[in-house]
$ cat upload-v7.txt   # compact mmCIF, C-alpha atoms
# COMPACT_ATOMS: atom_id res chain seq x y z
CA MET W 1 102.41 -4.18 -12.98
CA ALA W 2 99.60 -2.77 -10.85
CA ASP W 3 101.95 -2.29 -7.91
CA ILE W 4 104.25 0.08 -9.83
CA ILE W 5 103.66 3.75 -9.02
CA THR W 6 105.20 6.56 -11.11
CA VAL W 7 105.79 10.02 -9.65
CA PHE W 8 107.91 12.97 -10.75
CA GLU W 9 110.51 14.55 -8.47
CA TYR W 10 108.99 17.08 -6.08
CA GLY W 11 105.65 15.31 -6.49
CA TYR W 12 103.61 13.96 -3.57
CA LEU W 13 102.63 10.51 -2.32
CA ALA W 14 99.57 9.87 -0.13
CA TYR W 15 96.91 7.27 0.63
CA ASN W 16 94.17 9.70 1.75
CA PRO W 17 91.74 10.32 -1.16
CA LYS W 18 91.31 13.96 -0.06
CA ALA W 19 94.94 14.68 -0.90
CA LEU W 20 95.00 13.17 -4.37
CA ASP W 21 95.24 15.23 -7.55
CA GLU W 22 97.55 15.49 -10.58
CA ARG W 23 100.55 16.24 -8.31
CA CYS W 24 99.72 13.78 -5.53
CA ILE W 25 99.83 10.06 -6.36
CA SER W 26 98.07 7.32 -4.40
CA ILE W 27 100.08 4.57 -2.69
CA SER W 28 99.00 1.86 -0.28
CA LYS W 29 98.60 2.64 3.40
CA ALA W 30 101.31 0.11 4.29
CA SER W 31 103.78 1.75 1.88
CA PHE W 32 102.90 5.22 3.16
CA GLU W 33 103.39 4.21 6.80
CA TYR W 34 106.74 2.59 6.01
CA LEU W 35 108.04 5.67 4.19
CA GLU W 36 106.55 7.98 6.81
CA SER W 37 108.41 6.10 9.56
CA LEU W 38 111.67 6.80 7.73
CA CYS W 39 110.86 10.51 7.49
CA LEU W 40 110.10 10.74 11.21
CA ARG W 41 113.60 9.69 12.16
CA GLU W 42 115.31 12.84 13.35
CA GLY W 43 119.05 13.31 12.95
CA SER W 44 120.97 10.04 12.87
CA ASN W 45 119.59 6.56 13.14
CA ASP W 46 120.71 4.06 15.76
CA ASP W 47 123.13 2.48 13.28
CA GLY W 48 124.84 5.84 12.63
CA THR W 49 123.20 6.50 9.24
CA ASP W 50 121.42 9.75 8.51
CA ALA W 51 117.67 10.08 8.34
CA PRO W 52 116.44 10.05 4.72
CA THR W 53 116.67 13.20 2.63
CA PHE W 54 114.82 11.89 -0.42
CA LEU W 55 111.36 12.34 1.17
CA LYS W 56 109.79 15.01 3.33
CA LEU W 57 106.61 14.78 5.37
CA ARG W 58 104.16 17.49 4.32
CA SER W 59 100.55 18.58 4.58
CA TYR W 60 98.83 18.55 1.18
CA ASN W 61 95.17 19.50 0.66
CA GLY W 62 94.71 19.17 4.41
CA ALA W 63 96.04 15.60 4.56
CA ARG W 64 99.38 13.96 5.34
CA ALA W 65 101.58 13.45 2.29
CA LEU W 66 105.18 12.69 1.44
CA GLN W 67 107.01 14.96 -0.97
CA VAL W 68 109.68 13.36 -3.16
CA ARG W 69 112.80 15.50 -3.12
CA ASN W 70 115.63 15.74 -5.66
CA TYR W 71 116.29 11.98 -5.89
CA VAL W 72 115.23 9.83 -8.83
CA GLY W 73 115.16 6.08 -9.32
CA VAL W 74 113.18 3.28 -7.70
CA ILE W 75 111.94 2.81 -4.15
CA HIS W 76 110.73 -0.62 -3.06
CA THR W 77 108.62 -0.95 0.05
CA PRO W 78 108.30 -4.10 2.19
CA SER W 79 104.64 -4.36 1.17
CA GLY W 80 105.72 -5.01 -2.43
CA GLN W 81 105.02 -1.68 -4.13
CA GLN W 82 107.57 -0.17 -6.50
CA ILE W 83 107.66 3.62 -6.60
CA GLU W 84 109.36 4.94 -9.73
CA VAL W 85 110.62 8.52 -9.32
CA LEU W 86 111.37 10.26 -12.63
CA PRO W 87 113.12 13.59 -13.30
CA LYS W 88 110.90 16.57 -13.93
CA ILE W 89 112.10 17.93 -17.27
CA SER W 90 109.21 20.33 -17.76
CA ARG W 91 107.10 22.36 -15.37
CA ALA W 92 104.09 20.24 -16.29
CA GLY W 93 106.01 17.06 -15.51
CA GLY W 94 105.95 15.63 -19.02
CA ALA W 95 105.28 12.15 -20.34
CA PRO W 96 106.79 9.37 -18.15
CA ASP W 97 108.38 7.62 -21.13
CA VAL W 98 110.19 10.82 -22.18
CA SER W 99 111.46 11.46 -18.65
CA ARG W 100 112.44 7.81 -18.25
CA GLN W 101 114.42 7.87 -21.49
CA ALA W 102 116.13 11.11 -20.49
CA LEU W 103 117.11 9.61 -17.12
CA LEU W 104 118.49 6.47 -18.77
CA ASN W 105 120.54 8.66 -21.12
CA MET W 106 122.01 10.47 -18.13
CA LEU W 107 122.56 7.38 -15.96
CA ARG W 108 124.61 5.61 -18.62
CA HIS W 109 127.23 8.34 -18.20
CA LEU W 110 127.70 7.39 -14.55
CA ARG W 111 130.47 4.87 -14.01
CA GLU W 112 128.15 2.40 -12.27
CA PHE W 113 125.63 2.47 -15.13
CA ARG W 114 127.89 2.68 -18.16
CA HIS W 115 126.46 -0.62 -19.44
CA ILE W 116 122.92 0.70 -19.94
CA GLU W 117 121.79 0.24 -23.54
CA THR W 118 119.38 3.07 -24.37
CA THR W 119 119.00 1.80 -27.94
CA ASP W 120 117.08 -1.28 -26.72
CA ALA W 121 113.88 -1.07 -28.77
CA ALA W 122 111.89 -2.84 -26.07
CA ILE W 123 112.46 0.06 -23.69
CA ALA W 124 110.69 2.45 -26.00
CA THR W 125 108.00 0.17 -27.40
CA GLU W 126 106.96 -1.45 -24.11
CA GLN W 127 107.59 1.66 -21.99
CA LEU W 128 109.10 -0.50 -19.29
CA PRO W 129 109.30 0.82 -15.74
CA LEU W 130 112.77 1.92 -14.73
CA PHE W 131 113.59 -1.02 -12.48
CA GLU W 132 112.38 -3.53 -15.07
CA VAL W 133 114.83 -1.92 -17.52
CA PHE W 134 117.66 -2.49 -15.04
CA ILE W 135 116.63 -6.10 -14.41
CA ARG W 136 116.19 -6.85 -18.11
CA GLN W 137 119.66 -5.60 -18.99
CA PHE W 138 121.24 -7.42 -16.06
CA LEU W 139 119.62 -10.67 -17.17
CA GLN W 140 120.75 -10.13 -20.75
CA SER W 141 124.34 -9.62 -19.57
CA VAL W 142 124.20 -12.82 -17.48
CA ASN W 143 122.66 -14.71 -20.40
CA THR W 144 125.62 -13.69 -22.57
CA LEU W 145 127.97 -14.82 -19.80
CA VAL W 146 126.32 -18.23 -19.51
CA LYS W 147 126.51 -18.75 -23.29
CA ARG W 148 130.25 -18.09 -23.15
CA GLY W 149 130.60 -20.41 -20.18
CA LEU W 150 131.08 -19.98 -16.44
CA ARG W 151 134.70 -20.01 -15.37
CA SER W 152 135.93 -22.49 -12.78
CA GLU W 153 139.03 -22.29 -10.62
CA TYR W 154 141.00 -24.58 -8.35
CA ILE W 155 139.54 -24.44 -4.84
CA ARG W 156 141.50 -25.74 -1.86
CA GLN W 157 139.50 -28.49 -0.12
CA GLU W 158 139.94 -30.45 3.10
CA ALA W 159 138.19 -33.79 3.66
CA ASN W 160 138.32 -36.91 5.78
CA GLN W 161 137.72 -39.64 3.23
CA GLY W 162 138.25 -43.31 2.52
CA PHE W 163 140.99 -42.87 -0.07
CA MET W 164 144.21 -40.96 -0.43
CA LYS W 165 144.01 -37.83 -2.56
CA GLY W 166 146.34 -34.83 -2.60
CA LYS W 167 148.35 -34.08 0.55
CA LEU W 168 147.93 -35.90 3.86
CA LEU W 169 147.49 -33.47 6.78
CA THR W 170 149.44 -35.28 9.48
CA ALA W 171 148.18 -33.30 12.47
CA MET W 172 144.54 -33.67 11.44
CA GLN W 173 145.09 -37.34 10.60
CA LEU W 174 146.31 -38.02 14.13
CA LYS W 175 143.44 -36.02 15.60
CA HIS W 176 140.61 -37.66 13.64
CA ASN W 177 141.91 -41.02 12.43
CA LEU W 178 144.13 -42.41 15.18
CA VAL W 179 141.67 -45.27 15.51
CA ASN W 180 140.09 -45.18 12.03
CA LYS W 181 143.26 -45.97 10.14
CA HIS W 182 141.31 -46.78 6.97
CA ARG W 183 140.48 -43.07 6.50
CA PHE W 184 142.69 -40.22 5.31
CA TYR W 185 142.46 -36.56 6.29
CA VAL W 186 143.72 -34.83 3.16
CA GLU W 187 144.04 -31.48 1.44
CA TYR W 188 143.62 -31.19 -2.31
CA ASP W 189 142.66 -28.76 -5.11
CA GLU W 190 139.40 -29.25 -7.01
CA TYR W 191 138.36 -27.46 -10.20
CA LEU W 192 134.97 -25.91 -9.34
CA GLN W 193 132.58 -23.16 -10.43
CA ASP W 194 132.16 -22.30 -6.75
CA ARG W 195 134.17 -19.09 -6.77
CA PRO W 196 133.34 -15.60 -5.43
CA VAL W 197 132.42 -13.98 -8.75
CA ASN W 198 129.98 -16.76 -9.65
CA ARG W 199 128.44 -16.73 -6.17
CA LEU W 200 127.84 -12.97 -6.42
CA ILE W 201 126.12 -13.18 -9.80
CA HIS W 202 124.01 -16.13 -8.60
CA SER W 203 122.98 -14.14 -5.52
CA ALA W 204 122.01 -11.14 -7.67
CA LEU W 205 119.89 -13.41 -9.88
CA TYR W 206 118.16 -14.83 -6.83
CA LYS W 207 117.43 -11.32 -5.55
CA VAL W 208 115.98 -9.86 -8.76
CA ALA W 209 113.79 -12.96 -9.13
CA GLN W 210 111.87 -11.66 -6.12
CA TYR W 211 111.22 -8.26 -7.72
CA THR W 212 110.62 -8.57 -11.45
CA ARG W 213 107.02 -8.64 -12.59
CA LEU W 214 107.65 -9.23 -16.30
CA ASN W 215 106.85 -12.77 -17.44
CA THR W 216 109.76 -12.75 -19.90
CA SER W 217 112.20 -11.65 -17.19
CA GLN W 218 110.84 -14.18 -14.70
CA LYS W 219 111.26 -17.00 -17.24
CA LEU W 220 114.82 -15.97 -18.17
CA CYS W 221 115.73 -15.55 -14.52
CA ARG W 222 114.63 -19.10 -13.70
CA GLU W 223 116.66 -20.46 -16.63
CA LEU W 224 119.77 -18.58 -15.54
CA ILE W 225 119.43 -19.65 -11.91
CA PHE W 226 119.32 -23.26 -13.15
CA ALA W 227 122.59 -22.62 -15.04
CA PHE W 228 124.13 -21.68 -11.67
CA SER W 229 122.86 -24.81 -9.92
CA ASP W 230 126.42 -25.92 -9.10
CA VAL W 231 127.21 -22.53 -7.54
CA PRO W 232 126.01 -21.76 -3.98
CA LEU W 233 124.69 -18.36 -2.98
CA SER W 234 127.14 -15.95 -1.39
CA ARG W 235 127.25 -16.16 2.39
CA ASN W 236 129.20 -12.92 2.74
CA ILE W 237 128.63 -10.38 -0.04
CA ARG W 238 131.28 -7.92 1.11
CA GLN W 239 133.93 -10.59 1.57
CA ASP W 240 133.25 -12.12 -1.85
CA PHE W 241 133.58 -8.73 -3.56
CA ALA W 242 136.88 -8.19 -1.76
CA SER W 243 138.29 -11.61 -2.64
CA MET W 244 137.11 -12.09 -6.23
CA LYS W 245 139.66 -12.18 -9.03
CA LEU W 246 139.05 -11.57 -12.73
CA THR W 247 141.90 -13.05 -14.72
CA ARG W 248 142.76 -12.79 -18.38
CA GLY W 249 139.98 -14.06 -20.60
CA MET W 250 137.23 -13.06 -18.14
CA GLU W 251 136.34 -9.73 -19.74
CA HIS W 252 132.80 -11.03 -20.34
CA TYR W 253 132.31 -11.05 -16.55
CA HIS W 254 132.68 -7.27 -16.13
CA ARG W 255 129.22 -6.30 -17.31
CA PRO W 256 127.11 -8.73 -15.24
CA LEU W 257 129.38 -8.18 -12.25
CA ASP W 258 128.84 -4.40 -12.37
CA TRP W 259 125.09 -4.97 -12.39
CA ALA W 260 125.41 -7.51 -9.56
CA ARG W 261 127.28 -4.97 -7.45
CA LEU W 262 124.46 -2.44 -7.88
CA ILE W 263 121.80 -5.03 -7.11
CA LEU W 264 123.52 -6.48 -4.05
CA GLU W 265 125.09 -3.36 -2.58
CA GLY W 266 122.60 -0.82 -3.90
CA SER W 267 123.01 2.83 -4.79
CA THR W 268 120.66 4.50 -2.39
CA PRO W 269 120.52 6.55 0.82
CA LEU W 270 121.85 4.38 3.62
CA SER W 271 118.62 4.65 5.55
CA MET W 272 116.82 2.61 2.90
CA GLN W 273 119.03 -0.35 3.62
CA GLY W 274 118.77 -2.51 6.67
CA LYS W 275 116.57 -5.21 8.11
CA THR W 276 113.78 -4.86 5.54
CA GLU W 277 116.16 -5.56 2.64
CA ALA W 278 113.79 -3.61 0.36
CA LEU W 279 115.89 -3.11 -2.76
CA SER W 280 115.97 0.52 -3.89
CA LEU W 281 118.11 2.48 -6.31
CA LEU W 282 118.07 6.25 -5.85
CA PHE W 283 120.30 8.95 -7.31
CA PRO W 284 120.61 12.68 -6.50
CA MET W 285 119.68 14.52 -9.69
CA GLU W 286 122.35 17.19 -9.17
CA ALA W 287 125.08 14.52 -9.33
CA VAL W 288 123.48 12.73 -12.30
CA PHE W 289 123.11 15.96 -14.28
CA GLU W 290 126.65 17.07 -13.47
CA ALA W 291 128.16 13.74 -14.56
CA TYR W 292 126.11 13.76 -17.76
CA VAL W 293 127.12 17.28 -18.78
CA ALA W 294 130.80 16.64 -18.03
CA SER W 295 130.79 13.37 -19.99
CA ILE W 296 129.29 14.98 -23.09
CA LEU W 297 131.48 18.09 -22.98
CA ARG W 298 134.67 16.05 -22.57
CA LYS W 299 134.03 14.59 -26.03
CA GLN W 300 133.19 17.95 -27.58
CA ILE W 301 135.88 20.37 -26.43
CA ARG W 302 138.62 21.04 -28.95
CA PRO W 303 142.33 20.38 -28.25
CA PRO W 304 144.45 21.63 -26.65
CA LEU W 305 141.62 22.35 -24.22
CA VAL W 306 141.00 19.73 -21.53
CA LEU W 307 138.13 19.28 -19.10
CA LYS W 308 138.62 18.74 -15.39
CA GLU W 309 135.81 17.78 -13.04
CA GLN W 310 135.52 18.96 -9.45
CA ALA W 311 138.67 21.09 -9.42
CA ARG W 312 139.72 21.83 -5.86
CA SER W 313 142.94 23.82 -6.09
CA ARG W 314 141.54 27.14 -4.83
CA TYR W 315 140.20 28.30 -1.46
CA LEU W 316 137.96 31.21 -0.60
CA VAL W 317 140.15 32.65 2.18
CA HIS W 318 143.45 32.16 3.98
CA PHE W 319 143.40 32.47 7.75
CA ASN W 320 146.46 32.40 9.97
CA GLY W 321 148.40 30.30 7.49
CA ALA W 322 145.50 27.89 6.86
CA ARG W 323 143.25 27.65 3.80
CA TRP W 324 139.51 27.70 4.43
CA PHE W 325 136.44 26.88 2.28
CA ASN W 326 137.61 24.87 -0.71
CA LEU W 327 136.09 26.09 -3.99
CA LYS W 328 135.03 23.19 -6.23
CA PRO W 329 133.45 24.17 -9.55
CA ASP W 330 131.76 21.29 -11.37
CA ILE W 331 133.71 21.78 -14.62
CA LEU W 332 136.96 23.58 -15.30
CA ILE W 333 138.20 24.04 -18.88
CA GLN W 334 141.99 24.39 -19.07
CA ASN W 335 144.47 25.30 -21.79
CA ARG W 336 147.91 23.92 -20.93
CA ASP W 337 147.09 23.89 -17.20
CA LYS W 338 145.72 27.43 -17.29
CA ALA W 339 142.03 27.82 -16.42
CA VAL W 340 140.13 29.56 -19.22
CA LEU W 341 136.49 28.76 -18.45
CA VAL W 342 134.54 27.77 -15.32
CA MET W 343 131.20 25.94 -15.60
CA ASP W 344 128.72 24.90 -12.94
CA THR W 345 125.64 22.74 -13.39
CA LYS W 346 122.33 23.38 -11.63
CA TRP W 347 119.42 20.94 -11.78
CA LYS W 348 116.64 23.52 -11.66
CA LEU W 349 113.91 24.52 -14.11
CA LEU W 350 114.25 28.12 -15.30
CA ASP W 351 111.67 30.23 -17.10
CA SER W 352 113.19 32.75 -19.53
CA ARG W 353 109.79 34.46 -19.85
CA LYS W 354 110.27 35.90 -16.36
CA ALA W 355 113.47 37.80 -17.12
CA ASN W 356 111.97 41.18 -16.27
CA SER W 357 110.00 40.11 -13.22
CA SER W 358 110.97 39.95 -9.59
CA ASP W 359 111.58 36.21 -10.08
CA LYS W 360 114.72 37.00 -12.13
CA LEU W 361 114.13 33.80 -14.20
CA GLY W 362 114.34 31.76 -11.01
CA LEU W 363 118.09 32.35 -10.71
CA SER W 364 119.63 32.21 -7.26
CA GLN W 365 121.61 35.06 -5.76
CA ALA W 366 123.66 32.51 -3.81
CA ASP W 367 124.65 30.81 -7.08
CA PHE W 368 125.85 34.16 -8.45
CA TYR W 369 127.97 34.75 -5.36
CA GLN W 370 129.44 31.28 -5.80
CA MET W 371 130.30 31.95 -9.46
CA LEU W 372 131.84 35.29 -8.52
CA ALA W 373 134.17 33.48 -6.11
CA TYR W 374 135.08 30.93 -8.81
CA GLY W 375 135.83 33.73 -11.27
CA HIS W 376 138.17 35.58 -8.96
CA LYS W 377 139.98 32.52 -7.65
CA TYR W 378 140.28 30.40 -10.83
CA LEU W 379 140.27 33.09 -13.56
CA ASN W 380 141.92 35.90 -11.60
CA GLY W 381 138.83 38.02 -12.08
CA GLU W 382 138.92 38.03 -15.88
CA GLY W 383 137.08 35.81 -18.35
CA ASP W 384 133.86 33.84 -18.78
CA LEU W 385 131.75 31.79 -16.40
CA VAL W 386 128.85 29.54 -17.42
CA LEU W 387 125.85 28.30 -15.44
CA ILE W 388 124.22 25.27 -17.09
CA TYR W 389 120.56 24.39 -16.50
CA PRO W 390 118.37 21.68 -18.07
CA LYS W 391 116.62 22.66 -21.27
CA THR W 392 112.83 22.95 -21.07
CA ASP W 393 110.00 24.45 -23.09
CA GLN W 394 110.33 27.56 -20.93
CA PHE W 395 114.13 27.73 -21.23
CA ASN W 396 115.19 26.45 -24.66
CA GLU W 397 117.98 28.83 -25.67
CA ALA W 398 120.86 30.65 -24.03
CA ILE W 399 120.13 34.00 -22.44
CA PRO W 400 121.55 36.35 -25.10
CA HIS W 401 123.10 38.82 -22.69
CA SER W 402 125.80 38.13 -20.16
CA PHE W 403 125.55 38.96 -16.47
CA ASN W 404 128.54 41.24 -15.90
CA PHE W 405 130.18 41.30 -12.49
CA ASP W 406 132.40 44.05 -13.93
CA GLU W 407 133.96 44.89 -17.30
CA ASN W 408 136.28 41.85 -17.12
CA LEU W 409 134.20 39.04 -15.63
CA ARG W 410 131.05 37.77 -17.36
CA LEU W 411 128.52 35.07 -16.48
CA TRP W 412 126.44 33.25 -19.12
CA VAL W 413 123.31 31.19 -18.42
CA VAL W 414 122.68 28.39 -20.94
CA PRO W 415 120.43 25.31 -21.37
CA PHE W 416 121.54 21.70 -21.81
CA ASP W 417 119.27 19.23 -23.61
CA VAL W 418 118.92 16.09 -21.46
CA ALA W 419 116.31 14.53 -23.77
CA ALA W 420 118.60 14.30 -26.83
CA ARG W 421 118.97 10.66 -27.85
CA VAL W 422 121.59 10.78 -30.62
CA MET W 423 125.21 11.13 -29.50
CA ASP W 424 126.12 13.85 -32.00
CA GLU W 425 122.91 15.76 -31.46
CA LYS W 426 123.42 19.29 -30.17
CA ARG W 427 122.98 19.40 -26.41
CA LEU W 428 124.63 22.57 -25.10
CA ASP W 429 123.49 25.96 -26.40
CA LEU W 430 126.41 28.36 -25.95
CA PRO W 431 126.80 31.94 -27.20
CA ALA W 432 128.49 32.26 -30.61
CA HIS W 433 131.88 33.40 -29.31
CA PHE W 434 132.43 29.95 -27.72
CA SER W 435 132.27 28.20 -31.12
CA ASP W 436 136.06 27.92 -31.39
CA TRP W 437 136.21 26.01 -28.10
CA ILE W 438 133.47 23.42 -28.30
CA ASN W 439 132.19 21.29 -31.19
CA HIS W 440 128.46 21.06 -31.64
$ encode --input "upload-v7.txt" --output "structure tokens"
Amino acid sequence: MADIITVFEYGYLAYNPKALDERCISISKASFEYLESLCLREGSNDDGTDAPTFLKLRSYNGARALQVRNYVGVIHTPSGQQIEVLPKISRAGGAPDVSRQALLNMLRHLREFRHIETTDAAIATEQLPLFEVFIRQFLQSVNTLVKRGLRSEYIRQEANQGFMKGKLLTAMQLKHNLVNKHRFYVEYDEYLQDRPVNRLIHSALYKVAQYTRLNTSQKLCRELIFAFSDVPLSRNIRQDFASMKLTRGMEHYHRPLDWARLILEGSTPLSMQGKTEALSLLFPMEAVFEAYVASILRKQIRPPLVLKEQARSRYLVHFNGARWFNLKPDILIQNRDKAVLVMDTKWKLLDSRKANSSDKLGLSQADFYQMLAYGHKYLNGEGDLVLIYPKTDQFNEAIPHSFNFDENLRLWVVPFDVAARVMDEKRLDLPAHFSDWINH
């Protein structure tokens, strides 16, 4: 696994030895030039996609370097290097295995990654790179599918053959066999494994075989590809996804098919896709953190309270009969359709030791203005607002005092533990007066 590079978000990548230190990781010159060429694209690319936002060209220690932004996941370069980008859950970066486990915990709450098994002992004991975790679990899901048996279906066939089978196509018979009367141009149904869903899974297997570096995964991948020997590769990925059908009794297909969709279509900035076909999976940490917090809180709030994500029923202003600037808080807690609490998630590391300094804990004035607008529009200027940040060694408990916009509207700043591994483990640290609303 020598070609696997691990870097934390907001870290640096370079190939010049003068730039390297604990924050700047060495990559090959070919990988650097490929990623640099993406960064140098200004505005939109020729194919209409935006230039990448996950990297930024910088000067570091007097040398050219690439700074990883707020995306995490895996970047593959055409030269063969895998760059694993992990979330920074402490100001010092932290141990890669802790950050990797925290990211897996969060990703499994995204719809596309709901099949991730974070209890897999091999993940912890072998400290597998992120992409090898994805490949391993995809292969395990396909292995389960193969053991239960690949499903066939009747496929409509046309053939010009020496015996009568199915329905004779008169027009084609006259066209091809007017002289060769001993042949029959026929149409018939044949029961085959060659169906869209099997082609897609076979194509995903073929693709990951080119990327995995684990001997166990390579061996299992070869065995599974052999099991699909009667199934051709997909010639049109998009068309096969559109035409596939999962009938009753095919529930065991859902898991490998979800993985196949991620592998074949990717979840990454559009600019990483294209002619190089370098498979990459990247996720904006703000969206991952928001989905994780909402998923956990939905299971913890007490009835009759309900949680709504990305509410969009209020606007900042009305102008000449039109509504402008839709206000969309990340989380809205409602009691019988009445908003009682507004929450917003921010993927940013705070430091509660700086409460009395000019840094103001690292809190953003713009975020406070945003919460003020939410409070007036969703709570009619009266109630509680909550800003949720990741828990770190420097921010491990809720700020005990509220930030008061006035005597009726209060803002609380609290941490959320992204490293917790047990489902019922306490994650959100709220002030005591919220105890009647949310189970811990």
$ closest_residue --input "upload-v7.txt" --among "W:Phe8, W:Trp412, W:Tyr71, W:Tyr374" --to "Val288 (chain W)" --atoms "all atoms listed in the file"
W:Tyr71
$ atom_distance --input "upload-v7.txt" --atom1 "CA of Leu361 (chain W)" --atom2 "CA of Leu57 (chain W)"
28.3 Å
$ closest_residue --input "upload-v7.txt" --among "W:Leu66, W:Val133, W:Ala432, W:Leu104" --to "Ala419 (chain W)" --atoms "all atoms listed in the file"
W:Leu104
$ closest_residue --input "upload-v7.txt" --among "W:Ala294, W:Asn408, W:Glu187, W:Lys360" --to "Glu382 (chain W)" --atoms "only C-alpha atoms"
W:Asn408
$ residues_near_point --input "upload-v7.txt" --point "(130.4, 36.4, -18.2)" --cutoff "12 Å" --atoms "only C-alpha atoms" --output "NGL selection string"
:W and (340-343 or 368 or 371-372 or 374-375 or 379 or 381-387 or 399-414 or 430-431 or 433-434)
$ atom_distance --input "upload-v7.txt" --atom1 "CA of Ala227 (chain W)" --atom2 "CA of Leu130 (chain W)"
26.4 Å
$ residues_around --input "upload-v7.txt" --residues "region 215-222 of chain W" --least-positions-apart "2" --cutoff "8 Å" --atoms "only C-alpha atoms" --output "ChimeraX atom specification"
/W:135-136,139,205,209,212-213,224-226
$ atom_distance --input "upload-v7.txt" --atom1 "CA of Tyr12 (chain W)" --atom2 "CA of Glu36 (chain W)"
12.3 Å
$ closest_residue --input "upload-v7.txt" --among "W:Glu397, W:Glu9, W:Glu286, W:Asp3" --to "Arg69 (chain W)" --atoms "all atoms listed in the file"
W:Glu9
$ closest_residue --input "upload-v7.txt" --among "W:His109, W:Glu223, W:Arg195, W:Gln370" --to "Arg235 (chain W)" --atoms "all atoms listed in the file"
W:Arg195
$ residues_near_point --input "upload-v7.txt" --point "(98.0, 18.0, 4.0)" --cutoff "12 Å" --atoms "all atoms listed in the file" --output "PyMOL selection string"
chain W and resi 12-20+24+57-67
$ closest_residue --input "upload-v7.txt" --among "W:Asn143, W:Leu316, W:Ser229, W:Arg353" --to "His252 (chain W)" --atoms "only C-alpha atoms"
W:Asn143
$ residues_around --input "upload-v7.txt" --residues "Ser234 (chain W)" --least-positions-apart "6" --cutoff "9 Å" --atoms "all atoms listed in the file" --output "PDB file with C-alpha atoms, keeping the file's coordinate frame"
ATOM      1  CA  PRO W 196     133.340 -15.600  -5.430  1.00  0.00           C
ATOM      2  CA  ASN W 198     129.980 -16.760  -9.650  1.00  0.00           C
ATOM      3  CA  ARG W 199     128.440 -16.730  -6.170  1.00  0.00           C
ATOM      4  CA  LEU W 200     127.840 -12.970  -6.420  1.00  0.00           C
ATOM      5  CA  ILE W 201     126.120 -13.180  -9.800  1.00  0.00           C
ATOM      6  CA  HIS W 202     124.010 -16.130  -8.600  1.00  0.00           C
ATOM      7  CA  SER W 203     122.980 -14.140  -5.520  1.00  0.00           C
ATOM      8  CA  ASP W 240     133.250 -12.120  -1.850  1.00  0.00           C
TER       9      ASP W 240
END
$ residues_around --input "upload-v7.txt" --residues "Asn160 (chain W)" --least-positions-apart "2" --cutoff "8 Å" --atoms "all atoms listed in the file" --output "PyMOL selection string"
chain W and resi 158+162+183-186
$ write_last_selection --input "upload-v7.txt" --atoms "C-alpha atoms" --output "PDB file, in the frame of the given file"
ATOM      1  CA  GLU W 158     139.940 -30.450   3.100  1.00  0.00           C
ATOM      2  CA  GLY W 162     138.250 -43.310   2.520  1.00  0.00           C
ATOM      3  CA  ARG W 183     140.480 -43.070   6.500  1.00  0.00           C
ATOM      4  CA  PHE W 184     142.690 -40.220   5.310  1.00  0.00           C
ATOM      5  CA  TYR W 185     142.460 -36.560   6.290  1.00  0.00           C
ATOM      6  CA  VAL W 186     143.720 -34.830   3.160  1.00  0.00           C
TER       7      VAL W 186
END
